[in-house]
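Next comes input_37.tsv, with TSV, C-alpha atoms (C1' of nucleotides).
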```
chain	number	residue	atom	x	y	z
K	851	MET	CA	-18.21	-116.01	-38.72
K	852	THR	CA	-19.84	-119.31	-39.58
K	853	ARG	CA	-21.87	-120.86	-36.79
K	854	HIS	CA	-19.61	-122.65	-34.34
K	855	ALA	CA	-22.10	-124.98	-32.72
K	856	GLY	CA	-24.48	-122.27	-31.56
K	857	GLY	CA	-21.58	-119.87	-31.08
K	858	LEU	CA	-22.07	-116.13	-31.32
K	859	SER	CA	-19.73	-113.49	-32.65
K	860	ILE	CA	-18.67	-110.59	-30.49
K	861	GLY	CA	-20.96	-108.31	-32.46
K	862	GLN	CA	-23.96	-110.52	-31.83
K	863	VAL	CA	-23.19	-110.67	-28.13
K	864	ALA	CA	-22.80	-106.92	-28.04
K	865	GLU	CA	-26.24	-106.56	-29.54
K	866	LYS	CA	-27.83	-109.04	-27.15
K	867	THR	CA	-26.27	-107.58	-24.03
K	868	GLY	CA	-26.19	-103.91	-24.85
K	869	LEU	CA	-22.46	-103.81	-24.19
K	870	SER	CA	-20.08	-102.50	-26.81
K	871	VAL	CA	-17.61	-104.84	-28.47
K	872	HIS	CA	-14.92	-102.75	-26.85
K	873	ALA	CA	-16.47	-103.34	-23.46
K	874	LEU	CA	-16.67	-107.09	-24.12
K	875	ARG	CA	-12.98	-107.27	-24.91
K	876	PHE	CA	-12.27	-105.12	-21.91
K	877	PHE	CA	-14.29	-107.42	-19.65
K	878	GLU	CA	-12.35	-110.36	-20.96
K	879	ARG	CA	-9.02	-108.70	-20.22
K	880	GLU	CA	-10.32	-107.98	-16.74
K	881	GLY	CA	-11.09	-111.61	-16.19
K	882	LEU	CA	-14.84	-111.26	-15.81
K	883	PHE	CA	-15.75	-114.36	-17.77
K	884	LEU	CA	-16.27	-117.73	-16.22
K	885	ARG	CA	-13.96	-119.44	-18.65
K	886	PRO	CA	-11.78	-118.62	-21.63
K	887	ILE	CA	-13.76	-117.51	-24.64
K	888	ARG	CA	-13.33	-119.92	-27.51
K	889	ARG	CA	-11.76	-118.73	-30.75
K	890	SER	CA	-12.57	-119.59	-34.34
K	891	ALA	CA	-9.86	-120.92	-36.63
K	892	GLY	CA	-9.17	-117.35	-37.66
K	893	GLY	CA	-8.77	-116.17	-34.07
K	894	GLN	CA	-12.17	-114.52	-33.63
K	895	ARG	CA	-14.11	-114.89	-30.42
K	896	VAL	CA	-16.93	-117.43	-30.26
K	897	TYR	CA	-19.37	-116.98	-27.37
K	898	ASP	CA	-21.81	-119.52	-25.95
K	899	PRO	CA	-25.33	-118.68	-24.87
K	900	ALA	CA	-24.14	-119.30	-21.30
K	901	ASP	CA	-21.69	-116.44	-21.71
K	902	VAL	CA	-24.57	-114.21	-22.66
K	903	SER	CA	-26.54	-115.20	-19.55
K	904	TRP	CA	-23.54	-114.48	-17.43
K	905	LEU	CA	-23.07	-111.10	-19.09
K	906	LEU	CA	-26.68	-110.25	-18.43
K	907	LEU	CA	-26.14	-110.96	-14.76
K	908	CYS	CA	-22.95	-108.92	-14.84
K	909	ASN	CA	-24.94	-106.12	-16.33
K	910	ARG	CA	-27.29	-106.19	-13.36
K	911	PHE	CA	-24.32	-106.01	-11.07
K	912	ARG	CA	-22.86	-103.14	-13.04
K	913	GLU	CA	-26.11	-101.24	-13.20
K	914	SER	CA	-26.46	-101.59	-9.50
K	915	GLY	CA	-23.03	-100.09	-9.01
K	916	MET	CA	-20.86	-103.11	-8.34
K	917	PRO	CA	-17.26	-102.26	-9.16
K	918	ILE	CA	-15.50	-104.36	-11.74
K	919	ALA	CA	-13.07	-105.59	-9.13
K	920	THR	CA	-15.95	-107.15	-7.21
K	921	MET	CA	-17.46	-108.73	-10.30
K	922	LYS	CA	-14.02	-110.13	-10.97
K	923	ARG	CA	-13.85	-111.54	-7.48
K	924	PHE	CA	-17.23	-113.19	-7.92
K	925	ALA	CA	-16.20	-114.64	-11.27
K	926	GLU	CA	-13.06	-116.04	-9.66
K	927	LEU	CA	-15.10	-117.74	-6.98
K	928	VAL	CA	-17.41	-119.29	-9.53
K	929	ARG	CA	-14.46	-120.40	-11.63
K	930	ALA	CA	-12.90	-122.00	-8.58
K	931	GLY	CA	-15.84	-124.41	-8.53
K	932	SER	CA	-18.06	-125.56	-5.73
K	933	GLY	CA	-16.99	-125.33	-2.14
K	934	ASN	CA	-16.87	-121.57	-1.82
K	935	GLU	CA	-20.59	-120.92	-1.94
K	936	PRO	CA	-20.55	-119.25	1.48
K	937	GLU	CA	-18.06	-116.73	0.15
K	938	ARG	CA	-20.18	-116.07	-2.91
K	939	LEU	CA	-23.17	-115.66	-0.67
K	940	ALA	CA	-21.32	-113.19	1.52
K	941	LEU	CA	-20.31	-111.17	-1.51
K	942	LEU	CA	-23.86	-111.09	-2.80
K	943	GLU	CA	-25.28	-110.19	0.58
K	944	GLU	CA	-22.89	-107.33	0.91
K	945	HIS	CA	-23.79	-106.06	-2.50
K	946	GLU	CA	-27.45	-106.39	-1.62
K	947	ARG	CA	-26.91	-104.21	1.43
K	948	THR	CA	-25.02	-101.70	-0.66
K	949	VAL	CA	-27.84	-101.47	-3.14
K	950	GLN	CA	-30.43	-101.13	-0.39
K	951	ALA	CA	-28.43	-98.30	1.13
K	952	LYS	CA	-28.12	-96.64	-2.24
K	953	ILE	CA	-31.86	-96.81	-2.77
K	954	ALA	CA	-32.43	-95.35	0.68
K	955	ASP	CA	-30.07	-92.46	-0.03
K	956	LEU	CA	-31.62	-91.76	-3.37
K	957	THR	CA	-35.07	-91.87	-1.87
K	958	ALA	CA	-34.06	-89.34	0.77
K	959	SER	CA	-32.55	-87.05	-1.86
K	960	LEU	CA	-35.59	-87.48	-4.04
K	961	ALA	CA	-37.83	-86.20	-1.28
K	962	ILE	CA	-35.79	-83.04	-1.00
K	963	ILE	CA	-35.62	-82.57	-4.73
K	964	HIS	CA	-39.33	-83.09	-5.01
K	965	ASP	CA	-39.80	-80.44	-2.38
K	966	LYS	CA	-37.83	-77.96	-4.43
K	967	VAL	CA	-39.78	-78.89	-7.50
K	968	MET	CA	-43.04	-78.19	-5.70
K	969	THR	CA	-41.72	-74.92	-4.38
K	970	TYR	CA	-40.66	-73.77	-7.81
K	971	ARG	CA	-43.93	-74.90	-9.31
K	972	ARG	CA	-45.80	-72.70	-6.91
K	973	HIS	CA	-43.55	-69.77	-7.65
K	974	VAL	CA	-43.75	-70.18	-11.36
K	975	GLU	CA	-47.53	-70.49	-11.22
K	976	GLU	CA	-48.00	-67.58	-8.89
K	977	GLY	CA	-45.25	-65.45	-10.31
K	978	THR	CA	-43.73	-64.96	-6.89
K	979	ALA	CA	-40.13	-65.43	-6.02
K	980	ALA	CA	-40.14	-65.70	-2.26
K	981	GLY	CA	-38.40	-68.64	-0.75
K	982	VAL	CA	-36.11	-69.45	-3.65
K	983	TRP	CA	-32.41	-68.87	-3.82
K	984	SER	CA	-31.28	-65.50	-4.96
K	985	PRO	CA	-27.78	-64.11	-5.35
K	986	LYS	CA	-28.17	-61.65	-2.49
K	987	PRO	CA	-30.61	-63.25	-0.06
K	988	GLY	CA	-32.86	-60.24	-0.44
K	989	PRO	CA	-35.72	-59.53	1.96
K	990	GLY	CA	-36.64	-63.01	3.10
K	991	ARG	CA	-35.06	-66.33	3.85
K	992	ARG	CA	-33.25	-68.40	1.26
K	993	SER	CA	-34.33	-71.98	1.14
K	994	ALA	CA	-35.52	-73.36	-2.16
T	1036	MET	CA	-9.01	-66.64	10.92
T	1037	THR	CA	-10.74	-64.06	13.10
T	1038	ARG	CA	-14.51	-64.02	12.77
T	1039	HIS	CA	-15.55	-61.98	9.76
T	1040	ALA	CA	-19.10	-61.20	10.75
T	1041	GLY	CA	-20.20	-64.80	11.17
T	1042	GLY	CA	-17.82	-65.93	8.46
T	1043	LEU	CA	-16.45	-69.42	8.37
T	1044	SER	CA	-13.07	-70.68	7.28
T	1045	ILE	CA	-12.75	-73.27	4.57
T	1046	GLY	CA	-11.89	-75.87	7.18
T	1047	GLN	CA	-15.02	-75.14	9.15
T	1048	VAL	CA	-17.14	-75.38	6.05
T	1049	ALA	CA	-15.48	-78.64	5.12
T	1050	GLU	CA	-16.39	-80.04	8.49
T	1051	LYS	CA	-19.97	-78.83	8.31
T	1052	THR	CA	-20.60	-80.11	4.81
T	1053	GLY	CA	-18.51	-83.25	4.75
T	1054	LEU	CA	-16.69	-81.99	1.68
T	1055	SER	CA	-12.91	-81.80	1.68
T	1056	VAL	CA	-11.20	-78.41	1.51
T	1057	HIS	CA	-9.84	-79.54	-1.82
T	1058	ALA	CA	-13.34	-80.21	-3.04
T	1059	LEU	CA	-14.51	-76.80	-1.85
T	1060	ARG	CA	-11.79	-75.04	-3.80
T	1061	PHE	CA	-12.55	-77.26	-6.76
T	1062	PHE	CA	-16.25	-76.38	-6.58
T	1063	GLU	CA	-15.33	-72.74	-6.54
T	1064	ARG	CA	-13.17	-73.07	-9.62
T	1065	GLU	CA	-16.05	-74.87	-11.29
T	1066	GLY	CA	-18.37	-71.98	-10.59
T	1067	LEU	CA	-20.74	-73.84	-8.30
T	1068	PHE	CA	-21.19	-71.04	-5.82
T	1069	LEU	CA	-23.92	-68.46	-6.02
T	1070	ARG	CA	-21.51	-65.57	-5.64
T	1071	PRO	CA	-17.82	-64.95	-5.18
T	1072	ILE	CA	-16.53	-66.16	-1.85
T	1073	ARG	CA	-15.24	-63.29	0.26
T	1074	ARG	CA	-11.61	-63.17	1.26
T	1075	SER	CA	-9.98	-62.07	4.49
T	1076	ALA	CA	-7.30	-59.40	4.47
T	1077	GLY	CA	-4.74	-62.16	4.15
T	1078	GLY	CA	-6.51	-63.72	1.16
T	1079	GLN	CA	-8.19	-66.61	2.93
T	1080	ARG	CA	-11.73	-67.61	2.05
T	1081	VAL	CA	-14.57	-66.46	4.28
T	1082	TYR	CA	-17.85	-68.33	3.85
T	1083	ASP	CA	-21.32	-67.24	4.91
T	1084	PRO	CA	-23.86	-69.57	6.47
T	1085	ALA	CA	-25.84	-69.19	3.23
T	1086	ASP	CA	-22.93	-70.75	1.37
T	1087	VAL	CA	-23.13	-73.72	3.68
T	1088	SER	CA	-26.86	-74.14	3.04
T	1089	TRP	CA	-26.21	-74.02	-0.65
T	1090	LEU	CA	-23.45	-76.59	-0.34
T	1091	LEU	CA	-25.74	-78.88	1.57
T	1092	LEU	CA	-28.22	-78.70	-1.28
T	1093	CYS	CA	-25.42	-79.27	-3.74
T	1094	ASN	CA	-24.49	-82.32	-1.75
T	1095	ARG	CA	-27.98	-83.70	-2.21
T	1096	PHE	CA	-27.68	-83.12	-5.90
T	1097	ARG	CA	-24.31	-84.79	-5.97
T	1098	GLU	CA	-25.41	-87.75	-3.92
T	1099	SER	CA	-28.32	-88.24	-6.23
T	1100	GLY	CA	-25.96	-88.34	-9.19
T	1101	MET	CA	-26.32	-84.89	-10.67
T	1102	PRO	CA	-23.24	-84.11	-12.73
T	1103	ILE	CA	-21.23	-81.06	-11.77
T	1104	ALA	CA	-22.01	-79.49	-15.12
T	1105	THR	CA	-25.70	-79.52	-14.24
T	1106	MET	CA	-25.13	-78.11	-10.78
T	1107	LYS	CA	-23.13	-75.40	-12.45
T	1108	ARG	CA	-25.98	-74.71	-14.80
T	1109	PHE	CA	-28.39	-74.45	-11.91
T	1110	ALA	CA	-26.04	-72.13	-10.04
T	1111	GLU	CA	-25.79	-69.94	-13.12
T	1112	LEU	CA	-29.56	-69.67	-13.32
T	1113	VAL	CA	-29.80	-68.71	-9.68
T	1114	ARG	CA	-26.99	-66.19	-10.08
T	1115	ALA	CA	-28.79	-64.67	-13.05
T	1116	GLY	CA	-31.56	-63.62	-10.67
T	1117	SER	CA	-35.28	-63.95	-10.92
T	1118	GLY	CA	-37.02	-64.38	-14.24
T	1119	ASN	CA	-35.68	-67.80	-15.12
T	1120	GLU	CA	-37.59	-69.81	-12.55
T	1121	PRO	CA	-39.27	-71.90	-15.25
T	1122	GLU	CA	-35.84	-73.00	-16.43
T	1123	ARG	CA	-34.77	-73.85	-12.92
T	1124	LEU	CA	-37.96	-75.80	-12.49
T	1125	ALA	CA	-37.37	-77.70	-15.70
T	1126	LEU	CA	-33.87	-78.59	-14.60
T	1127	LEU	CA	-35.11	-79.80	-11.23
T	1128	GLU	CA	-37.96	-81.75	-12.76
T	1129	GLU	CA	-35.59	-83.48	-15.11
T	1130	HIS	CA	-33.30	-84.38	-12.29
T	1131	GLU	CA	-36.24	-85.66	-10.32
T	1132	ARG	CA	-37.17	-87.95	-13.19
T	1133	THR	CA	-33.58	-89.12	-13.46
T	1134	VAL	CA	-33.50	-89.99	-9.80
T	1135	GLN	CA	-36.83	-91.77	-9.99
T	1136	ALA	CA	-35.56	-93.82	-12.91
T	1137	LYS	CA	-32.40	-94.62	-11.04
T	1138	ILE	CA	-34.37	-95.83	-8.05
T	1139	ALA	CA	-36.54	-97.96	-10.32
T	1140	ASP	CA	-33.49	-99.53	-11.95
T	1141	LEU	CA	-31.85	-100.21	-8.64
T	1142	THR	CA	-35.02	-101.72	-7.30
T	1143	ALA	CA	-35.24	-104.04	-10.28
T	1144	SER	CA	-31.61	-105.07	-9.87
T	1145	LEU	CA	-32.12	-105.52	-6.17
T	1146	ALA	CA	-34.90	-108.01	-6.79
T	1147	ILE	CA	-32.61	-110.10	-8.94
T	1148	ILE	CA	-29.74	-109.86	-6.53
T	1149	HIS	CA	-32.01	-110.80	-3.69
T	1150	ASP	CA	-33.10	-113.81	-5.66
T	1151	LYS	CA	-29.52	-114.95	-6.02
T	1152	VAL	CA	-28.94	-114.38	-2.35
T	1153	MET	CA	-31.90	-116.58	-1.50
T	1154	THR	CA	-30.75	-119.24	-3.91
T	1155	TYR	CA	-27.27	-119.30	-2.45
T	1156	ARG	CA	-28.64	-119.32	1.06
T	1157	ARG	CA	-30.61	-122.44	0.29
T	1158	HIS	CA	-27.59	-124.09	-1.27
T	1159	VAL	CA	-25.30	-123.20	1.56
T	1160	GLU	CA	-27.82	-124.45	4.11
T	1161	GLU	CA	-28.59	-127.65	2.28
T	1162	GLY	CA	-25.11	-128.24	1.01
T	1163	THR	CA	-26.41	-128.61	-2.53
T	1164	ALA	CA	-25.00	-126.90	-5.57
T	1165	ALA	CA	-27.72	-127.26	-8.16
T	1166	GLY	CA	-28.84	-124.13	-9.87
T	1167	VAL	CA	-25.76	-122.05	-9.29
T	1168	TRP	CA	-23.18	-121.09	-11.84
T	1169	SER	CA	-20.37	-123.51	-12.38
T	1170	PRO	CA	-17.43	-123.34	-14.79
T	1171	LYS	CA	-18.71	-126.17	-16.94
T	1172	PRO	CA	-22.52	-126.12	-16.63
T	1173	GLY	CA	-22.40	-129.64	-15.22
T	1174	PRO	CA	-25.53	-131.81	-14.99
T	1175	GLY	CA	-28.24	-129.19	-14.62
T	1176	ARG	CA	-29.10	-125.72	-15.82
T	1177	ARG	CA	-27.02	-122.69	-14.92
T	1178	SER	CA	-29.00	-119.83	-13.59
T	1179	ALA	CA	-28.03	-118.50	-10.21
D	960	DG	C1'	-11.51	-112.85	-56.44
D	961	DC	C1'	-12.45	-108.75	-54.57
D	962	DT	C1'	-14.71	-105.41	-51.84
D	963	DT	C1'	-16.74	-104.43	-47.62
D	964	DG	C1'	-17.77	-105.01	-43.03
D	965	DA	C1'	-16.65	-107.36	-38.82
D	966	DC	C1'	-12.87	-108.64	-36.06
D	967	DC	C1'	-7.97	-108.81	-34.04
D	968	DT	C1'	-4.13	-106.71	-30.59
D	969	DA	C1'	-1.80	-103.39	-27.87
D	970	DG	C1'	-1.97	-99.44	-26.06
D	971	DA	C1'	-3.32	-94.51	-25.90
D	972	DG	C1'	-7.11	-91.31	-24.66
D	973	DA	C1'	-11.26	-89.61	-22.37
D	974	DG	C1'	-13.97	-87.56	-18.83
D	975	DA	C1'	-15.79	-87.24	-14.41
D	976	DA	C1'	-14.76	-85.80	-9.97
D	977	DC	C1'	-11.81	-85.27	-7.20
D	978	DT	C1'	-7.09	-85.52	-4.60
D	979	DC	C1'	-2.54	-84.40	-3.88
D	980	DT	C1'	1.97	-81.86	-4.40
D	981	DA	C1'	5.10	-78.18	-4.10
D	982	DG	C1'	6.33	-74.13	-2.52
D	983	DG	C1'	4.90	-70.37	0.02
D	984	DT	C1'	1.78	-67.21	3.31
D	985	DT	C1'	-1.40	-66.37	7.18
D	986	DT	C1'	-3.43	-67.38	11.66
D	987	DT	C1'	-3.53	-68.95	16.10
D	988	DA	C1'	-1.98	-70.79	20.41
D	989	DG	C1'	1.30	-70.74	23.98
G	133	DC	C1'	7.76	-64.02	19.47
G	134	DT	C1'	7.59	-68.29	17.55
G	135	DA	C1'	6.16	-72.72	16.11
G	136	DA	C1'	2.52	-75.30	14.42
G	137	DA	C1'	-1.66	-75.57	12.05
G	138	DA	C1'	-4.43	-73.92	8.52
G	139	DC	C1'	-4.56	-71.68	4.33
G	140	DC	C1'	-3.08	-70.06	-0.52
G	141	DT	C1'	-2.26	-71.10	-5.97
G	142	DA	C1'	-1.40	-73.67	-10.02
G	143	DG	C1'	-1.21	-77.58	-11.83
G	144	DA	C1'	-0.13	-82.57	-11.89
G	145	DG	C1'	-1.86	-87.15	-10.60
G	146	DT	C1'	-5.48	-90.72	-9.50
G	147	DT	C1'	-9.29	-93.91	-10.10
G	148	DC	C1'	-12.72	-95.98	-12.65
G	149	DT	C1'	-14.66	-97.59	-16.71
G	150	DC	C1'	-14.62	-97.72	-20.62
G	151	DT	C1'	-13.69	-95.87	-25.72
G	152	DC	C1'	-10.95	-95.12	-29.54
G	153	DT	C1'	-6.83	-95.53	-32.71
G	154	DA	C1'	-3.60	-97.65	-35.61
G	155	DG	C1'	-2.40	-101.07	-38.27
G	156	DG	C1'	-3.59	-105.04	-39.76
G	157	DT	C1'	-6.56	-109.98	-40.55
G	158	DC	C1'	-10.83	-112.65	-41.46
G	159	DA	C1'	-15.29	-113.67	-43.47
G	160	DA	C1'	-19.28	-113.17	-46.52
G	161	DG	C1'	-21.68	-111.56	-50.55
G	162	DC	C1'	-21.64	-110.44	-55.50
```
Go through the file and emit its structure as structure tokens.
Amino acid sequence: MTRHAGGLSIGQVAEKTGLSVHALRFFEREGLFLRPIRRSAGGQRVYDPADVSWLLLCNRFRESGMPIATMKRFAELVRAGSGNEPERLALLEEHERTVQAKIADLTASLAIIHDKVMTYRRHVEEGTAAGVWSPKPGPGRRSA
Amino acid sequence: MTRHAGGLSIGQVAEKTGLSVHALRFFEREGLFLRPIRRSAGGQRVYDPADVSWLLLCNRFRESGMPIATMKRFAELVRAGSGNEPERLALLEEHERTVQAKIADLTASLAIIHDKVMTYRRHVEEGTAAGVWSPKPGPGRRSA
DNA sequence: GCTTGACCTAGAGAGAACTCTAGGTTTTAG
DNA sequence: CTAAAACCTAGAGTTCTCTCTAGGTCAAGC
């Protein structure tokens, strides 16, 4: 695809964003873009750098577990133009809380997992087996 | 179900673990338990307290994003009895790293999301709109 | 001008982890 | 004893997020 005023092909955008071309088309069908993607004379997609920035933000949302439906909602608000900033803010704040909660949960789980790791390390080093799970909870307790 | 020597019904286990009875049967089919679940004379499942402890650990694994296939692998190692502790340790260590990475990613995303939240807060308070996404990147830059 | 690689659409398929259904049996409470 | 609640199996269905296929079209290099 010849340069369309700084335009990028779907393949180039895929490379820059780490998303597959399939995923980019999928996102478009889902209405995640801020505006219609331009097309070349031959019908191929032409992306602007702004689309790439937006996709990078979307990627952050995705990586932090935001469902596509929510990204879509956010995109709709942005597309609707100014006036709904409080709604956008509310959406972002809620997602922020969600992410904070997720981090807290993971951190709690991590502590427990780390505990098991330490327990197993001791056992492996010392060649003992006490305190780890066994099929029939043999002589002692079962806990690691 | 009459008490089978401290045994618990599937419903009781569901309540204690927060898993649905469907999920418990599913886990069993998937081979996530450390040993076959006993059955009452009438064919109903009878769980031991040890099964509940194991499920609670499994829940931690699940909540921290461990795939069922990996939990199954861990269960298999435990079922196989002692001797494979180094393998169990390796599995746990890898999961620990995965969780750490996940927390790091989320933390990075959170920083960016928090940034956007702060930006929007300012805009909403001041009634301005500069610096936030708009459909046609109007007068200024587009970044928030 | 032709081959090769990138791109197009519409829609099917995948897989992860459940969840639910249908049709029937067992337990428990009154 | 009986009715309701809980349980059983096997297997189909759901949700989410892509991913892949089939059957072409478009673009770029030699």
Please give the root-mean-square deviation of the Cα atoms once chain T has been least-squares fitted onto chain K, pairing every Cα in order.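 It is 0.2 Å.
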Enumerate as a list in words the residues belonging to chain K that approach chain T to within 7 Å, with only C-alpha atoms taken into account. Leu884, Arg885, Arg910, Ser914, Val928, Arg929, Gly931, Glu935, Pro936, Leu939, Leu942, Glu943, Glu946, Val949, Ile953, Leu956, Ser959, Leu960, Ile963, His964, Val967, Tyr970, Arg971, Val974, Trp983, Ser984 and Pro985 of chain K
What does the distance between CA of Gly893 (chain K) and CA of Arg923 (chain K) come to in Å, to one decimal place?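 So the answer is 27.5 Å.
Atom pair CA of Gly1046 (chain T) / C1' of DG145 (chain G) has a distance of 23.3 Å (rounded to one decimal).
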Find the residues in chain T near chain D: any atom within 9 Å counts, using all atoms listed in the file. Write them as a PyMOL selection string. chain T and resi 1036-1037+1057-1058+1061+1077-1079+1102-1103
Which chain G residues have any atom within 12 Å of an atom of chain T, and for each, what is the nearest pair of atoms with distance in Å to one decimal, counting all atoms listed in the file, rows sorted by chain and number, as CSV?
```
residue,atom,partner,partner_atom,distance
G:DA137,C1',T:Gly1046,CA,11.3
G:DA138,C1',T:Gly1046,CA,7.8
G:DC139,C1',T:Gln1079,CA,6.4
G:DC140,C1',T:Gln1079,CA,7.1
G:DT141,C1',T:Arg1060,CA,10.5
G:DA142,C1',T:Arg1064,CA,11.8
```
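The space between CA of Thr1052 (chain T) and CA of Ile1072 (chain T) spans 16.0 Å.
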